[in-house]
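As structure tokens, the structure follows; a few thoughts come after it.
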Amino acid sequence: MKKIAFSQLEAARRNPTAFAKALAESGASTARFSKYMAWQNSVFHYHKQRGDLAKAIKYFEATFVKNFADNSANRAERENWIKELEGYSIDEVRRRLTYVEHKKRVTIPINAELRLGGELPLIQMNTKGGYSVYFFSRDSSGWDQELKYPILQYHVARVLYNVRPDEVEIGVYSVADQRHLQHSFSRRDIRQAIQELDDLGSEIASAM
């Protein structure tokens with residue numbers, strides 16, 4: 001069974017036939033470790049340390065020094081990412097979110113040939129008593145138009161926590177805006193998204 005990663009779903013929507021060909025020919029690959037990934041890991045460490053920003057910054061600095069060259073450009077970039085950590089902490093505290101877990105593995109069957117899968121970066125409890133699930137995004141443009149979000153809202157609600165879909169918010173933390181952005185999709189939005197995923201899966205499977 002082939003896996004469509006959460007990050008690949010929009011490419012699949014744009015050109016299902018080309019995506020099917022690439023998926024059929026693809027092998028396993030590992031993303032190169034980046035400064036953005038180092039920053040995300042430091043956010044996870046921040047939550048594991050119960051919101052201790054100083055420990056998160058120390059962890060980030062150690063990771064950065066270990067993986068990236070010591071030069072003036074990288075030192076300046078390191079300081080910028082530390083400021084982004086501070087911005088993340090400020091908005092997270094302001095929203096009074098409560099950490100639940102991070103990097104939760106999820107698999108959603110589409111059909112006999114395909115599954116949708118990946119990780120939910122952060123799951124939090126919000127002040128409404130429900131769950132808020134966040135991905136990371138460099139900016140906030142068009143995030144709520146992506147197919148994965150209503151699909152995952154439904155999966156988190158019904159499969160992971162057995163709650164109503166309207167008790168789950170899903171969204172992004174925008175690095176550019178230093179803000180958590182979230183939305184709770186309607187039942188109609190979710191039904192339409194599930195149908196689109198089913199149709200898309202059939203089209204991709206038939207083209208593989």
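We label chains A, B, ... in the order they appear in the structure tokens, count residues from 1 in each chain, and number ligands from 1 in the order shown.
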### Query
If we count only C-alpha atoms, what is near Ile190 of chain A at a cut-off of 12 Å, once residues fewer than 4 positions away on the same chain are taken out, given as a PyMOL selection string?
chain A and resi 146-155+157+165-166+184-186+194-197
For the residues selected in the previous step, produce a file with C-alpha atoms as a PDB file, in the first residue's frame.
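To be explicit, this is the file written out as selection.pdb:
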ATOM      1  CA  GLU A 146      -5.863  22.616   2.214  1.00  0.00           C
ATOM      2  CA  LEU A 147      -7.738  19.321   2.066  1.00  0.00           C
ATOM      3  CA  LYS A 148      -5.859  17.675   4.931  1.00  0.00           C
ATOM      4  CA  TYR A 149      -7.245  19.962   7.635  1.00  0.00           C
ATOM      5  CA  PRO A 150     -10.960  19.005   7.661  1.00  0.00           C
ATOM      6  CA  ILE A 151      -9.974  15.360   7.110  1.00  0.00           C
ATOM      7  CA  LEU A 152      -7.671  15.445  10.124  1.00  0.00           C
ATOM      8  CA  GLN A 153     -10.158  17.348  12.273  1.00  0.00           C
ATOM      9  CA  TYR A 154     -12.623  14.498  11.761  1.00  0.00           C
ATOM     10  CA  HIS A 155      -9.992  11.810  12.394  1.00  0.00           C
ATOM     11  CA  ALA A 157     -12.295  13.818  16.872  1.00  0.00           C
ATOM     12  CA  PRO A 165     -15.829  17.170  15.385  1.00  0.00           C
ATOM     13  CA  ASP A 166     -16.839  20.637  16.611  1.00  0.00           C
ATOM     14  CA  SER A 184     -13.187  24.206  13.311  1.00  0.00           C
ATOM     15  CA  PHE A 185     -14.629  23.037  10.016  1.00  0.00           C
ATOM     16  CA  SER A 186     -18.371  22.410   9.725  1.00  0.00           C
ATOM     17  CA  ILE A 194     -13.966  13.134   2.804  1.00  0.00           C
ATOM     18  CA  GLN A 195     -15.755  12.743  -0.529  1.00  0.00           C
ATOM     19  CA  GLU A 196     -13.014  14.646  -2.356  1.00  0.00           C
ATOM     20  CA  LEU A 197     -10.326  12.474  -0.749  1.00  0.00           C
TER      21      LEU A 197
END
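The residue set within 10 Å of Gln8 of chain A, counting only C-alpha atoms and dropping same-chain residues fewer than 5 places from it, reads A:Lys3, A:Arg13, A:Phe19, A:Leu116, A:Gly117, A:Lys148.
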Keeping N, CA, C and O atoms, export the residues of the selection given above as a PDB file, in the first residue's frame.
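Dumped everything to out_25.pdb:
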ATOM      1  N   LYS A   3       1.751   5.283   0.476  1.00  0.00           N
ATOM      2  CA  LYS A   3       1.354   6.345   1.402  1.00  0.00           C
ATOM      3  C   LYS A   3       1.436   7.707   0.739  1.00  0.00           C
ATOM      4  O   LYS A   3       2.435   8.045   0.099  1.00  0.00           O
ATOM      5  N   ARG A  13      -3.730  16.848  -5.398  1.00  0.00           N
ATOM      6  CA  ARG A  13      -4.954  17.524  -5.861  1.00  0.00           C
ATOM      7  C   ARG A  13      -4.719  18.279  -7.158  1.00  0.00           C
ATOM      8  O   ARG A  13      -5.582  18.290  -8.038  1.00  0.00           O
ATOM      9  N   PHE A  19       0.997  12.901 -10.130  1.00  0.00           N
ATOM     10  CA  PHE A  19       1.330  12.462  -8.778  1.00  0.00           C
ATOM     11  C   PHE A  19       1.330  10.935  -8.691  1.00  0.00           C
ATOM     12  O   PHE A  19       2.205  10.339  -8.060  1.00  0.00           O
ATOM     13  N   LEU A 116      -3.416   7.757   3.655  1.00  0.00           N
ATOM     14  CA  LEU A 116      -2.925   9.087   3.992  1.00  0.00           C
ATOM     15  C   LEU A 116      -2.245   8.978   5.337  1.00  0.00           C
ATOM     16  O   LEU A 116      -2.797   8.394   6.277  1.00  0.00           O
ATOM     17  N   GLY A 117      -1.025   9.518   5.464  1.00  0.00           N
ATOM     18  CA  GLY A 117      -0.327   9.339   6.731  1.00  0.00           C
ATOM     19  C   GLY A 117       0.702  10.407   7.018  1.00  0.00           C
ATOM     20  O   GLY A 117       1.112  11.161   6.142  1.00  0.00           O
ATOM     21  N   LYS A 148      -6.198  18.500   3.768  1.00  0.00           N
ATOM     22  CA  LYS A 148      -5.859  17.675   4.931  1.00  0.00           C
ATOM     23  C   LYS A 148      -6.517  18.151   6.219  1.00  0.00           C
ATOM     24  O   LYS A 148      -6.795  17.320   7.108  1.00  0.00           O
TER      25      LYS A 148
END
Within 8 Å of Ser42 of chain A, counting only C-alpha atoms, which residues qualify if same-chain residues fewer than 5 places away don't, as a compact mmCIF listing (two decimals) with N, CA, C and O atoms, in the first residue's frame?
# COMPACT_ATOMS: atom_id res chain seq x y z
N ALA A 56 14.46 25.50 26.36
CA ALA A 56 14.23 25.33 24.92
C ALA A 56 15.30 26.07 24.11
O ALA A 56 15.81 25.54 23.11
N ILE A 57 15.65 27.26 24.54
CA ILE A 57 16.68 28.04 23.85
C ILE A 57 18.04 27.34 23.97
O ILE A 57 18.79 27.23 22.99
N TYR A 59 18.56 24.16 24.36
CA TYR A 59 18.48 22.98 23.50
C TYR A 59 18.68 23.38 22.04
O TYR A 59 19.42 22.71 21.30
N PHE A 60 18.03 24.45 21.62
CA PHE A 60 18.16 24.91 20.23
C PHE A 60 19.61 25.29 19.93
O PHE A 60 20.15 24.92 18.88
N LEU A 85 11.47 31.51 18.68
CA LEU A 85 11.10 30.69 19.83
C LEU A 85 10.41 31.54 20.90
O LEU A 85 9.41 31.14 21.49
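Straight-line separation from atom CA of Asn41 of chain A to atom CA of Val133 of chain A: 16.5 Å.
Note that the spacing between atom CA of Asp52 of chain A and atom CA of Ser89 of chain A amounts to 9.1 Å.
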#### Entry: Filtered DSSP result for segment 81-179 of chain A, state helix (DSSP H, G or I), as a PyMOL selection string
chain A and resi 81-94+143-145+148-160+165-167
Take the residues from that selection and put them in a file with N, CA, C and O atoms, as a compact mmCIF listing (two decimals), in the first residue's frame.
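Once everything was written out, this is out.txt:
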# COMPACT_ATOMS: atom_id res chain seq x y z
N TRP A 81 16.18 32.75 14.89
CA TRP A 81 15.35 31.61 15.28
C TRP A 81 15.07 31.61 16.77
O TRP A 81 13.99 31.18 17.22
N ILE A 82 16.01 32.10 17.57
CA ILE A 82 15.76 32.23 19.00
C ILE A 82 14.64 33.23 19.26
O ILE A 82 13.75 33.00 20.10
N LYS A 83 14.63 34.31 18.50
CA LYS A 83 13.53 35.28 18.62
C LYS A 83 12.20 34.65 18.23
O LYS A 83 11.15 34.95 18.82
N GLU A 84 12.24 33.74 17.23
CA GLU A 84 11.02 33.04 16.84
C GLU A 84 10.54 32.10 17.95
O GLU A 84 9.33 31.94 18.16
N LEU A 85 11.47 31.51 18.68
CA LEU A 85 11.10 30.69 19.83
C LEU A 85 10.41 31.54 20.90
O LEU A 85 9.41 31.14 21.49
N GLU A 86 10.97 32.71 21.14
CA GLU A 86 10.37 33.63 22.11
C GLU A 86 8.97 34.04 21.67
O GLU A 86 8.04 34.10 22.49
N GLY A 87 8.82 34.33 20.38
CA GLY A 87 7.51 34.70 19.86
C GLY A 87 6.50 33.58 20.00
O GLY A 87 5.33 33.81 20.33
N TYR A 88 6.95 32.36 19.74
CA TYR A 88 6.07 31.21 19.90
C TYR A 88 5.59 31.10 21.35
O TYR A 88 4.40 30.92 21.61
N SER A 89 6.51 31.22 22.29
CA SER A 89 6.16 31.10 23.70
C SER A 89 5.15 32.16 24.12
O SER A 89 4.19 31.88 24.84
N ILE A 90 5.36 33.39 23.66
CA ILE A 90 4.45 34.48 24.04
C ILE A 90 3.03 34.19 23.58
O ILE A 90 2.07 34.33 24.33
N ASP A 91 2.87 33.74 22.33
CA ASP A 91 1.53 33.49 21.82
C ASP A 91 0.91 32.25 22.45
O ASP A 91 -0.30 32.22 22.72
N GLU A 92 1.72 31.23 22.71
CA GLU A 92 1.21 30.01 23.33
C GLU A 92 0.70 30.28 24.74
O GLU A 92 -0.37 29.81 25.13
N VAL A 93 1.44 31.10 25.49
CA VAL A 93 1.01 31.45 26.85
C VAL A 93 -0.24 32.33 26.79
O VAL A 93 -1.18 32.15 27.58
N ARG A 94 -0.25 33.26 25.85
CA ARG A 94 -1.41 34.17 25.72
C ARG A 94 -2.70 33.41 25.44
O ARG A 94 -3.77 33.76 25.95
N TRP A 143 -3.73 28.51 4.21
CA TRP A 143 -3.62 27.23 4.91
C TRP A 143 -4.98 26.55 5.05
O TRP A 143 -5.08 25.32 4.94
N ASP A 144 -6.04 27.33 5.31
CA ASP A 144 -7.36 26.73 5.59
C ASP A 144 -8.07 26.21 4.34
O ASP A 144 -9.18 25.69 4.44
N GLN A 145 -7.42 26.33 3.16
CA GLN A 145 -7.98 25.77 1.94
C GLN A 145 -7.41 24.38 1.65
O GLN A 145 -7.84 23.73 0.69
N LYS A 148 -6.20 18.50 3.77
CA LYS A 148 -5.86 17.67 4.93
C LYS A 148 -6.52 18.15 6.22
O LYS A 148 -6.79 17.32 7.11
N TYR A 149 -6.80 19.45 6.34
CA TYR A 149 -7.24 19.96 7.64
C TYR A 149 -8.63 19.48 8.05
O TYR A 149 -8.80 18.98 9.18
N PRO A 150 -9.67 19.58 7.21
CA PRO A 150 -10.96 19.00 7.66
C PRO A 150 -10.91 17.49 7.82
O PRO A 150 -11.57 16.94 8.71
N ILE A 151 -10.12 16.81 6.97
CA ILE A 151 -9.97 15.36 7.11
C ILE A 151 -9.39 15.02 8.48
O ILE A 151 -9.88 14.13 9.19
N LEU A 152 -8.33 15.73 8.86
CA LEU A 152 -7.67 15.45 10.12
C LEU A 152 -8.51 15.88 11.32
O LEU A 152 -8.46 15.24 12.37
N GLN A 153 -9.26 16.95 11.18
CA GLN A 153 -10.16 17.35 12.27
C GLN A 153 -11.12 16.20 12.60
O GLN A 153 -11.32 15.86 13.77
N TYR A 154 -11.69 15.60 11.56
CA TYR A 154 -12.62 14.50 11.76
C TYR A 154 -11.91 13.29 12.38
O TYR A 154 -12.43 12.66 13.31
N HIS A 155 -10.73 12.97 11.88
CA HIS A 155 -9.99 11.81 12.39
C HIS A 155 -9.61 12.00 13.86
O HIS A 155 -9.76 11.07 14.66
N VAL A 156 -9.11 13.18 14.20
CA VAL A 156 -8.74 13.45 15.59
C VAL A 156 -9.95 13.31 16.50
O VAL A 156 -9.88 12.72 17.59
N ALA A 157 -11.09 13.87 16.06
CA ALA A 157 -12.30 13.82 16.87
C ALA A 157 -12.81 12.40 17.05
O ALA A 157 -13.00 11.92 18.18
N ARG A 158 -13.03 11.71 15.94
CA ARG A 158 -13.73 10.43 16.00
C ARG A 158 -12.82 9.25 16.32
O ARG A 158 -13.24 8.32 17.03
N VAL A 159 -11.59 9.27 15.85
CA VAL A 159 -10.71 8.12 16.02
C VAL A 159 -9.80 8.27 17.25
O VAL A 159 -9.68 7.35 18.06
N LEU A 160 -9.17 9.43 17.39
CA LEU A 160 -8.20 9.58 18.48
C LEU A 160 -8.86 9.84 19.83
O LEU A 160 -8.45 9.27 20.85
N PRO A 165 -16.76 16.40 16.21
CA PRO A 165 -15.83 17.17 15.38
C PRO A 165 -15.76 18.65 15.75
O PRO A 165 -14.71 19.27 15.62
N ASP A 166 -16.87 19.22 16.26
CA ASP A 166 -16.84 20.64 16.61
C ASP A 166 -16.09 20.89 17.92
O ASP A 166 -15.92 22.05 18.33
N GLU A 167 -15.63 19.83 18.58
CA GLU A 167 -14.80 19.99 19.77
C GLU A 167 -13.31 19.98 19.43
O GLU A 167 -12.47 20.02 20.33
Excluding Leu97 of chain A and residues on its chain fewer than 4 positions from it, collect all residues at most 9 Å away from it, counting only C-alpha atoms, and give them as an mmCIF file with N, CA, C and O atoms, in the first residue's frame.
data_model
loop_
_atom_site.group_PDB
_atom_site.id
_atom_site.type_symbol
_atom_site.label_atom_id
_atom_site.label_comp_id
_atom_site.auth_asym_id
_atom_site.auth_seq_id
_atom_site.Cartn_x
_atom_site.Cartn_y
_atom_site.Cartn_z
ATOM 1 N N GLU A 92 1.720 31.230 22.706
ATOM 2 C CA GLU A 92 1.212 30.014 23.325
ATOM 3 C C GLU A 92 0.704 30.283 24.737
ATOM 4 O O GLU A 92 -0.367 29.811 25.129
ATOM 5 N N VAL A 93 1.440 31.097 25.493
ATOM 6 C CA VAL A 93 1.010 31.452 26.847
ATOM 7 C C VAL A 93 -0.236 32.329 26.791
ATOM 8 O O VAL A 93 -1.182 32.149 27.575
ATOM 9 N N GLN A 124 -2.935 20.176 21.539
ATOM 10 C CA GLN A 124 -3.098 20.957 22.763
ATOM 11 C C GLN A 124 -4.552 20.920 23.214
ATOM 12 O O GLN A 124 -5.455 20.680 22.413
ATOM 13 N N MET A 125 -4.770 21.186 24.478
ATOM 14 C CA MET A 125 -6.115 21.463 24.971
ATOM 15 C C MET A 125 -6.301 22.969 24.959
ATOM 16 O O MET A 125 -5.394 23.717 25.356
ATOM 17 N N ASN A 126 -7.477 23.420 24.523
ATOM 18 C CA ASN A 126 -7.740 24.855 24.488
ATOM 19 C C ASN A 126 -8.660 25.269 25.636
ATOM 20 O O ASN A 126 -9.127 24.434 26.417
ATOM 21 N N THR A 127 -8.922 26.545 25.719
ATOM 22 C CA THR A 127 -9.709 27.062 26.845
ATOM 23 C C THR A 127 -11.194 26.719 26.736
ATOM 24 O O THR A 127 -11.944 26.939 27.689
ATOM 25 N N SER A 132 -6.953 21.365 20.219
ATOM 26 C CA SER A 132 -6.425 22.174 19.125
ATOM 27 C C SER A 132 -5.180 21.484 18.576
ATOM 28 O O SER A 132 -4.263 21.176 19.344
#
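Minimum atom-to-atom distances from A:Gly130, A:Gly142, A:Gly51, A:Gly118 to Val172 of chain A were compared using only C-alpha atoms, and the lowest value belongs to A:Gly142.
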## Note on the structure
atom CA of Glu61 of chain A sits from atom CA of Arg78 of chain A at a separation of 7.6 Å
### Task
Would you kindly return, as a PyMOL selection string, each protein, DNA or RNA residue with an atom no farther than 12 Å from any atom of segment 198-208 of chain A, considering only C-alpha atoms and excluding same-chain residues fewer than 6 positions away?
chain A and resi 1-4+9-26+108-116+147+151+191-192
### Task
Would you please extract all strand (DSSP E) residues from chain A, as assigned by DSSP on the backbone, and give them as a ChimeraX atom specification?
/A:2-5,98-109,114-125,131-137,168-174,179-183
### Task
Using only C-alpha atoms, determine which residues lie at most 10 Å from Arg50 of chain A, disregarding the query and same-chain residues fewer than 6 positions distant; provide the list as a ChimeraX atom specification.
/A:44,56,98-99
I need the residues from that last selection saved to file as a PDB file, in the first residue's frame (with C-alpha atoms), if you can.
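Final output, saved to result24.pdb:
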ATOM      1  CA  PHE A  44       8.740  20.196  21.109  1.00  0.00           C
ATOM      2  CA  ALA A  56      14.234  25.330  24.917  1.00  0.00           C
ATOM      3  CA  THR A  98      -2.258  23.070  27.518  1.00  0.00           C
ATOM      4  CA  TYR A  99       0.163  20.600  25.953  1.00  0.00           C
TER       5      TYR A  99
END
